[in-house]
$ cat entry09.cif   # mmCIF, C-alpha atoms and all ligand atoms
data_structure
#
loop_
_atom_site.label_atom_id
_atom_site.label_comp_id
_atom_site.auth_asym_id
_atom_site.auth_seq_id
_atom_site.Cartn_x
_atom_site.Cartn_y
_atom_site.Cartn_z
CA MET A 90 75.53 61.97 -92.91
CA ARG A 91 72.20 63.73 -92.77
CA ILE A 92 71.92 65.88 -95.90
CA VAL A 93 69.25 68.42 -96.86
CA ILE A 94 69.14 69.13 -100.59
CA LYS A 95 67.30 72.21 -101.81
CA VAL A 96 66.39 72.30 -105.48
CA GLY A 97 65.04 75.37 -107.24
CA THR A 98 62.50 75.93 -109.96
CA SER A 99 65.27 76.92 -112.39
CA THR A 100 66.67 73.37 -112.12
CA LEU A 101 63.35 71.53 -112.13
CA THR A 102 61.61 73.29 -115.00
CA HIS A 103 62.34 74.72 -118.41
CA ALA A 104 61.54 78.38 -119.05
CA THR A 105 58.15 77.17 -120.36
CA GLY A 106 57.23 75.94 -116.87
CA ARG A 107 57.25 72.35 -118.11
CA MET A 108 59.37 69.86 -116.21
CA ASN A 109 63.04 69.47 -117.05
CA ILE A 110 62.88 65.69 -117.23
CA ARG A 111 66.63 65.19 -117.60
CA HIS A 112 67.44 67.21 -114.46
CA VAL A 113 64.65 65.68 -112.35
CA GLU A 114 65.42 62.10 -113.39
CA THR A 115 69.15 62.43 -112.74
CA LEU A 116 68.56 64.16 -109.41
CA CYS A 117 66.19 61.43 -108.16
CA LYS A 118 68.61 58.72 -109.29
CA VAL A 119 71.57 60.33 -107.49
CA LEU A 120 69.60 61.00 -104.29
CA SER A 121 68.35 57.40 -104.26
CA ASP A 122 71.94 56.19 -104.64
CA VAL A 123 73.16 58.54 -101.88
CA LYS A 124 70.51 57.02 -99.63
CA ASN A 125 71.58 53.50 -100.66
CA ALA A 126 75.11 54.45 -99.56
CA GLY A 127 73.72 54.99 -96.04
CA HIS A 128 73.08 58.74 -95.87
CA GLU A 129 69.82 60.33 -94.74
CA VAL A 130 68.36 62.63 -97.38
CA VAL A 131 65.70 65.34 -97.08
CA LEU A 132 64.66 67.17 -100.25
CA VAL A 133 63.38 70.74 -100.09
CA SER A 134 61.81 71.24 -103.48
CA SER A 135 60.43 74.33 -105.20
CA GLY A 136 58.67 74.11 -108.50
CA ALA A 137 55.03 73.95 -107.42
CA ILE A 138 54.09 77.34 -108.83
CA GLY A 139 56.38 76.96 -111.86
CA MET A 140 54.94 73.58 -112.78
CA GLY A 141 51.38 74.77 -112.13
CA VAL A 142 52.01 77.59 -114.61
CA GLY A 143 53.08 75.00 -117.19
CA LYS A 144 50.23 72.62 -116.49
CA LEU A 145 47.56 75.33 -116.56
CA ASN A 146 49.07 76.77 -119.76
CA LEU A 147 49.35 80.22 -118.17
CA ARG A 148 51.44 82.62 -120.19
CA GLU A 149 53.56 83.78 -117.24
CA ARG A 150 54.04 83.39 -113.52
CA PRO A 151 50.93 84.96 -111.94
CA SER A 152 51.40 88.02 -109.76
CA ASP A 153 48.06 87.85 -107.94
CA MET A 154 47.79 85.68 -104.84
CA PRO A 155 44.74 83.49 -105.73
CA THR A 156 46.20 82.45 -109.12
CA LYS A 157 49.62 81.85 -107.55
CA GLN A 158 48.03 79.66 -104.91
CA ALA A 159 45.92 77.82 -107.48
CA ALA A 160 49.03 77.22 -109.62
CA ALA A 161 50.86 75.89 -106.56
CA ALA A 162 47.98 73.49 -105.79
CA VAL A 163 48.13 72.09 -109.33
CA GLY A 164 51.93 72.06 -109.55
CA GLN A 165 52.51 70.46 -106.15
CA CYS A 166 50.48 67.41 -107.25
CA GLU A 167 52.50 67.07 -110.41
CA LEU A 168 55.74 67.47 -108.48
CA MET A 169 54.93 64.78 -105.90
CA TYR A 170 53.54 62.46 -108.56
CA VAL A 171 56.86 62.59 -110.40
CA TYR A 172 58.99 62.29 -107.23
CA ASP A 173 56.90 59.35 -106.05
CA GLN A 174 57.27 57.57 -109.38
CA LEU A 175 61.01 58.17 -109.70
CA PHE A 176 61.94 57.35 -106.10
CA THR A 177 59.75 54.23 -106.28
CA THR A 178 61.76 53.14 -109.34
CA TYR A 179 64.78 52.98 -107.03
CA SER A 180 62.79 51.35 -104.19
CA HIS A 181 62.57 54.42 -101.97
CA THR A 182 59.47 55.74 -100.25
CA THR A 183 58.82 59.44 -100.37
CA ALA A 184 56.67 61.61 -98.08
CA GLN A 185 55.31 65.13 -98.46
CA ILE A 186 55.57 67.88 -95.82
CA LEU A 187 54.16 71.34 -96.56
CA LEU A 188 55.12 74.15 -94.17
CA THR A 189 54.53 77.84 -93.64
CA GLY A 190 56.80 80.22 -91.72
CA GLU A 191 54.29 80.07 -88.84
CA ASP A 192 54.85 76.32 -88.47
CA LEU A 193 58.54 76.96 -87.84
CA ARG A 194 58.11 80.06 -85.64
CA ASP A 195 55.48 78.55 -83.33
CA GLU A 196 57.30 76.34 -80.81
CA GLU A 197 54.68 73.61 -80.58
CA ARG A 198 54.12 73.35 -84.33
CA HIS A 199 57.86 73.37 -84.93
CA GLN A 200 58.25 70.51 -82.47
CA ASN A 201 55.49 68.55 -84.23
CA PHE A 202 57.21 69.07 -87.57
CA SER A 203 60.53 68.00 -86.14
CA ASN A 204 59.04 64.86 -84.51
CA THR A 205 57.37 63.85 -87.77
CA LEU A 206 60.45 64.47 -89.88
CA ASN A 207 62.70 62.51 -87.53
CA ARG A 208 60.22 59.64 -87.51
CA LEU A 209 60.03 59.68 -91.32
CA LEU A 210 63.83 59.42 -91.46
CA GLU A 211 63.84 56.57 -88.93
CA LEU A 212 61.28 54.82 -91.11
CA GLY A 213 63.72 55.11 -94.00
CA THR A 214 61.72 57.50 -96.17
CA LEU A 215 62.99 60.33 -98.35
CA PRO A 216 60.84 63.32 -97.28
CA VAL A 217 60.09 66.12 -99.73
CA ILE A 218 59.34 69.54 -98.21
CA ASN A 219 57.91 72.69 -99.76
CA GLU A 220 56.26 75.84 -98.53
CA ASN A 221 52.50 75.37 -98.20
CA ASP A 222 51.91 77.93 -100.93
CA THR A 223 48.17 77.35 -101.20
CA VAL A 224 47.59 78.83 -97.75
CA SER A 225 50.64 80.99 -97.15
CA THR A 226 50.40 84.70 -97.69
CA ALA A 227 53.22 87.22 -97.28
CA GLU A 228 52.59 87.60 -93.53
CA ILE A 229 52.90 83.94 -92.61
CA SER A 230 55.20 82.52 -95.26
CA VAL A 231 58.90 81.82 -95.12
CA GLY A 232 58.87 83.48 -98.55
CA ASP A 233 61.55 81.60 -100.43
CA ASN A 234 62.78 78.04 -100.42
CA ASP A 235 66.48 78.90 -99.91
CA THR A 236 65.56 80.22 -96.48
CA LEU A 237 63.15 77.31 -95.94
CA GLY A 238 65.98 74.89 -96.81
CA ALA A 239 68.27 76.57 -94.26
CA LEU A 240 65.61 76.56 -91.52
CA VAL A 241 64.91 72.87 -92.18
CA ALA A 242 68.64 71.98 -92.24
CA VAL A 243 69.20 73.71 -88.90
CA SER A 244 66.03 72.26 -87.39
CA VAL A 245 66.95 68.65 -88.24
CA LYS A 246 70.62 69.21 -87.33
CA ALA A 247 71.74 68.28 -90.82
CA ASP A 248 75.45 67.87 -91.49
CA MET A 249 75.07 69.85 -94.67
CA LEU A 250 72.63 71.85 -96.79
CA VAL A 251 73.21 71.53 -100.53
CA VAL A 252 71.53 74.22 -102.63
CA LEU A 253 71.13 73.27 -106.29
CA THR A 254 70.74 76.22 -108.58
CA ASP A 255 71.39 77.48 -112.12
CA THR A 256 75.00 78.60 -111.62
CA ASP A 257 78.19 76.87 -110.40
CA GLY A 258 78.29 78.82 -107.13
CA LEU A 259 79.05 82.28 -105.76
CA TYR A 260 81.25 84.43 -107.99
CA THR A 261 83.34 87.52 -107.27
CA ALA A 262 80.99 89.40 -109.66
CA ASP A 263 77.93 88.52 -111.78
CA PRO A 264 79.39 86.07 -114.36
CA ARG A 265 76.60 86.90 -116.82
CA HIS A 266 77.86 90.46 -117.13
CA ASP A 267 81.51 90.32 -116.05
CA ALA A 268 83.89 87.95 -117.88
CA SER A 269 86.55 88.34 -115.16
CA ALA A 270 84.19 86.95 -112.47
CA GLN A 271 85.77 84.07 -110.53
CA LEU A 272 84.09 81.25 -108.64
CA ILE A 273 84.64 81.48 -104.87
CA HIS A 274 85.33 77.98 -103.53
CA GLU A 275 85.07 78.62 -99.80
CA VAL A 276 83.42 81.33 -97.71
CA HIS A 277 84.10 81.80 -94.00
CA GLU A 278 82.37 85.14 -93.72
CA ILE A 279 79.72 86.77 -95.89
CA THR A 280 80.95 90.28 -96.65
CA PRO A 281 78.86 93.35 -97.56
CA GLN A 282 80.57 93.26 -100.96
CA MET A 283 79.27 89.70 -101.57
CA ARG A 284 75.77 90.83 -100.64
CA GLU A 285 76.04 93.77 -102.99
CA SER A 286 77.24 91.77 -105.99
CA ALA A 287 74.58 89.10 -105.31
CA GLY A 288 72.01 91.79 -106.16
CA GLY A 289 68.34 90.94 -106.47
CA GLY A 290 67.42 87.77 -108.20
CA GLY A 291 64.89 85.30 -109.39
CA THR A 292 63.69 84.53 -112.87
CA ALA A 293 60.31 84.61 -114.60
CA LEU A 294 59.29 81.44 -112.74
CA ALA A 295 61.41 81.34 -109.58
CA THR A 296 61.74 83.42 -106.43
CA GLY A 297 65.34 83.19 -105.28
CA GLY A 298 68.52 84.30 -106.99
CA MET A 299 71.83 84.69 -105.15
CA ALA A 300 70.52 87.15 -102.53
CA THR A 301 68.30 84.58 -100.80
CA LYS A 302 71.15 82.03 -100.98
CA LEU A 303 73.34 84.35 -98.92
CA ILE A 304 70.54 84.75 -96.35
CA ALA A 305 70.25 80.95 -96.21
CA ALA A 306 74.03 80.58 -95.92
CA GLN A 307 74.12 83.01 -93.00
CA ILE A 308 71.41 81.03 -91.14
CA CYS A 309 73.40 77.81 -91.67
CA MET A 310 76.78 79.30 -90.75
CA ASP A 311 75.41 80.84 -87.55
CA ALA A 312 74.09 77.42 -86.54
CA GLY A 313 77.39 75.70 -87.36
CA THR A 314 76.04 73.92 -90.46
CA ASP A 315 77.89 73.92 -93.79
CA MET A 316 75.99 75.01 -96.90
CA VAL A 317 77.21 74.24 -100.41
CA ILE A 318 75.90 75.78 -103.64
CA LEU A 319 76.11 73.41 -106.62
CA ASN A 320 74.94 73.60 -110.22
CA GLY A 321 71.58 71.79 -110.41
CA ALA A 322 72.16 70.99 -114.09
CA LYS A 323 74.94 68.65 -112.90
CA PRO A 324 73.41 66.52 -110.11
CA LEU A 325 76.37 64.08 -110.40
CA LEU A 326 78.43 66.75 -108.57
CA ILE A 327 76.71 65.54 -105.39
CA TYR A 328 78.89 62.40 -105.63
CA ASP A 329 82.06 64.52 -105.88
CA LEU A 330 80.93 66.59 -102.92
CA LEU A 331 80.35 63.50 -100.78
CA ASP A 332 83.75 62.17 -101.91
CA GLY A 333 85.28 65.24 -100.29
CA GLN A 334 86.14 67.13 -103.48
CA SER A 335 85.94 70.90 -103.64
CA VAL A 336 82.94 71.64 -105.88
CA GLY A 337 80.70 74.69 -106.06
CA THR A 338 80.90 77.19 -103.19
CA ARG A 339 81.08 75.97 -99.59
CA PHE A 340 79.97 78.29 -96.78
CA VAL A 341 81.71 76.95 -93.73
CA GLY A 342 79.64 76.75 -90.52
CA ARG A 343 81.16 78.29 -87.42
N1 LIG A 401 57.41 77.38 -102.89
C1 LIG A 401 57.56 77.88 -104.21
C2 LIG A 401 57.20 76.80 -105.23
O1 LIG A 401 57.25 75.64 -104.94
C3 LIG A 401 58.95 78.33 -104.56
C4 LIG A 401 59.61 79.30 -103.65
C5 LIG A 401 61.07 79.49 -104.06
O2 LIG A 401 61.47 79.03 -105.13
O3 LIG A 401 61.83 80.07 -103.30
O4 LIG A 401 56.88 77.08 -106.33
#
$ encode --input "entry09.cif" --output "structure tokens"
Amino acid sequence: MRIVIKVGTSTLTHATGRMNIRHVETLCKVLSDVKNAGHEVVLVSSGAIGMGVGKLNLRERPSDMPTKQAAAAVGQCELMYVYDQLFTTYSHTTAQILLTGEDLRDEERHQNFSNTLNRLLELGTLPVINENDTVSTAEISVGDNDTLGALVAVSVKADMLVVLTDTDGLYTADPRHDASAQLIHEVHEITPQMRESAGGGGTALATGGMATKLIAAQICMDAGTDMVILNGAKPLLIYDLLDGQSVGTRFVGR
């Protein structure tokens, strides 16, 4: 299988912006093992801005563009340094690809990206992709990594996009405020009611929330690709998923 895994800032970092070592270490170990089992793995990773905030000792996520871009430049280094070290521990070679929305919208640039990514997979690497935050502004960016993950998954004809986040999946209501909220195991159609209860989203450090996950799911479903939301605090669930168990929320591609 060709699997794209998207991991969010809420999984990779603590609220302080400093790295969540337990989550990152377990994730890299599981992904290395999944690759050893013969699957192709592409990681779409957020966390550049979040980690830059931690490393620069900023008090909060910056709202102005130059500081955001500076934080991303610092954090992206830290992120790749850690991925390189951890994947090397398990004898895997990683590679960095930074994209903007323009790179995916422009046919020639998209083709170049796709050629490079396919070659990297043929060469046996484990590519790590993020938005090129240091140069992307609102006009040219994809904007959030859930959507970026979906665009990448569709572009490389992945069998599945796995989105790791800070909840177990999509619920019938917001589980933080409604005790009767139930996890939805399988979605064949995204309803207006789901969109409404997904609400806005994001945290102090991250962009997404459930709203962008539904946008990503729709992109995948329309292209016939399955997307599964799993809890990023439990990376071992990826094994259960690949064993065919029902975990998290699966959006079934048409
Ligand atoms: N590209 C951003 C980062 O690495 C995150 C965007 C997102 O989380 O959706 O910090």
$ residues_near_ligand --input "entry09.cif" --ligand "ligand LIG 401 (chain A)" --cutoff "10 Å" --atoms "all atoms listed in the file" --output "JSON, numbers by chain"
{"A": [95, 96, 97, 98, 99, 133, 134, 135, 136, 137, 138, 139, 140, 141, 142, 150, 157, 158, 160, 161, 162, 164, 165, 168, 187, 188, 189, 218, 219, 220, 221, 222, 223, 225, 230, 231, 232, 233, 234, 235, 236, 237, 238, 291, 292, 294, 295, 296, 297, 298, 301, 302]}
$ closest_residue --input "entry09.cif" --among "A:Ala104, A:Ala262, A:Ala159, A:Met249" --to "A:His128" --atoms "only C-alpha atoms"
A:Met249
$ closest_residue --input "entry09.cif" --among "A:Glu228, A:Glu129, A:Asp153, A:Asp248" --to "A:Ala312" --atoms "only C-alpha atoms"
A:Asp248
$ closest_residue --input "entry09.cif" --among "A:Pro281, A:Val224, A:Gly321, A:Ser286" --to "A:His266" --atoms "all atoms listed in the file"
A:Ser286
$ closest_residue --input "entry09.cif" --among "A:Val251, A:Leu145, A:Val131, A:Ala270" --to "A:Leu209" --atoms "all atoms listed in the file"
A:Val131
$ residues_around --input "entry09.cif" --residues "A:Leu116" --least-positions-apart "3" --cutoff "12 Å" --atoms "only C-alpha atoms" --output "VMD selection string"
chain A and resid 94 to 97 100 to 101 109 to 113 119 to 123 132 134 171 to 172 175 to 176 253 320 to 328
$ atom_distance --input "entry09.cif" --atom1 "atom CA of A:Ala242" --atom2 "atom CA of A:Asp329"
20.5 Å
$ atom_distance --input "entry09.cif" --atom1 "atom CA of A:Tyr260" --atom2 "atom CA of A:Leu272"
4.3 Å
$ residues_around --input "entry09.cif" --residues "A:Val130" --least-positions-apart "6" --cutoff "6 Å" --atoms "only C-alpha atoms" --output "list in words"
Ile92, Val93 and Leu215 of chain A
$ atom_distance --input "entry09.cif" --atom1 "atom CA of A:Gly313" --atom2 "atom CA of A:Arg208"
23.5 Å
$ closest_residue --input "entry09.cif" --among "A:Ser244, A:Asn125, A:Thr115, A:Thr102" --to "A:Lys144" --atoms "all atoms listed in the file"
A:Thr102
$ closest_residue --input "entry09.cif" --among "A:Ala184, A:Met283, A:Cys117, A:Met108" --to "A:Leu212" --atoms "all atoms listed in the file"
A:Ala184
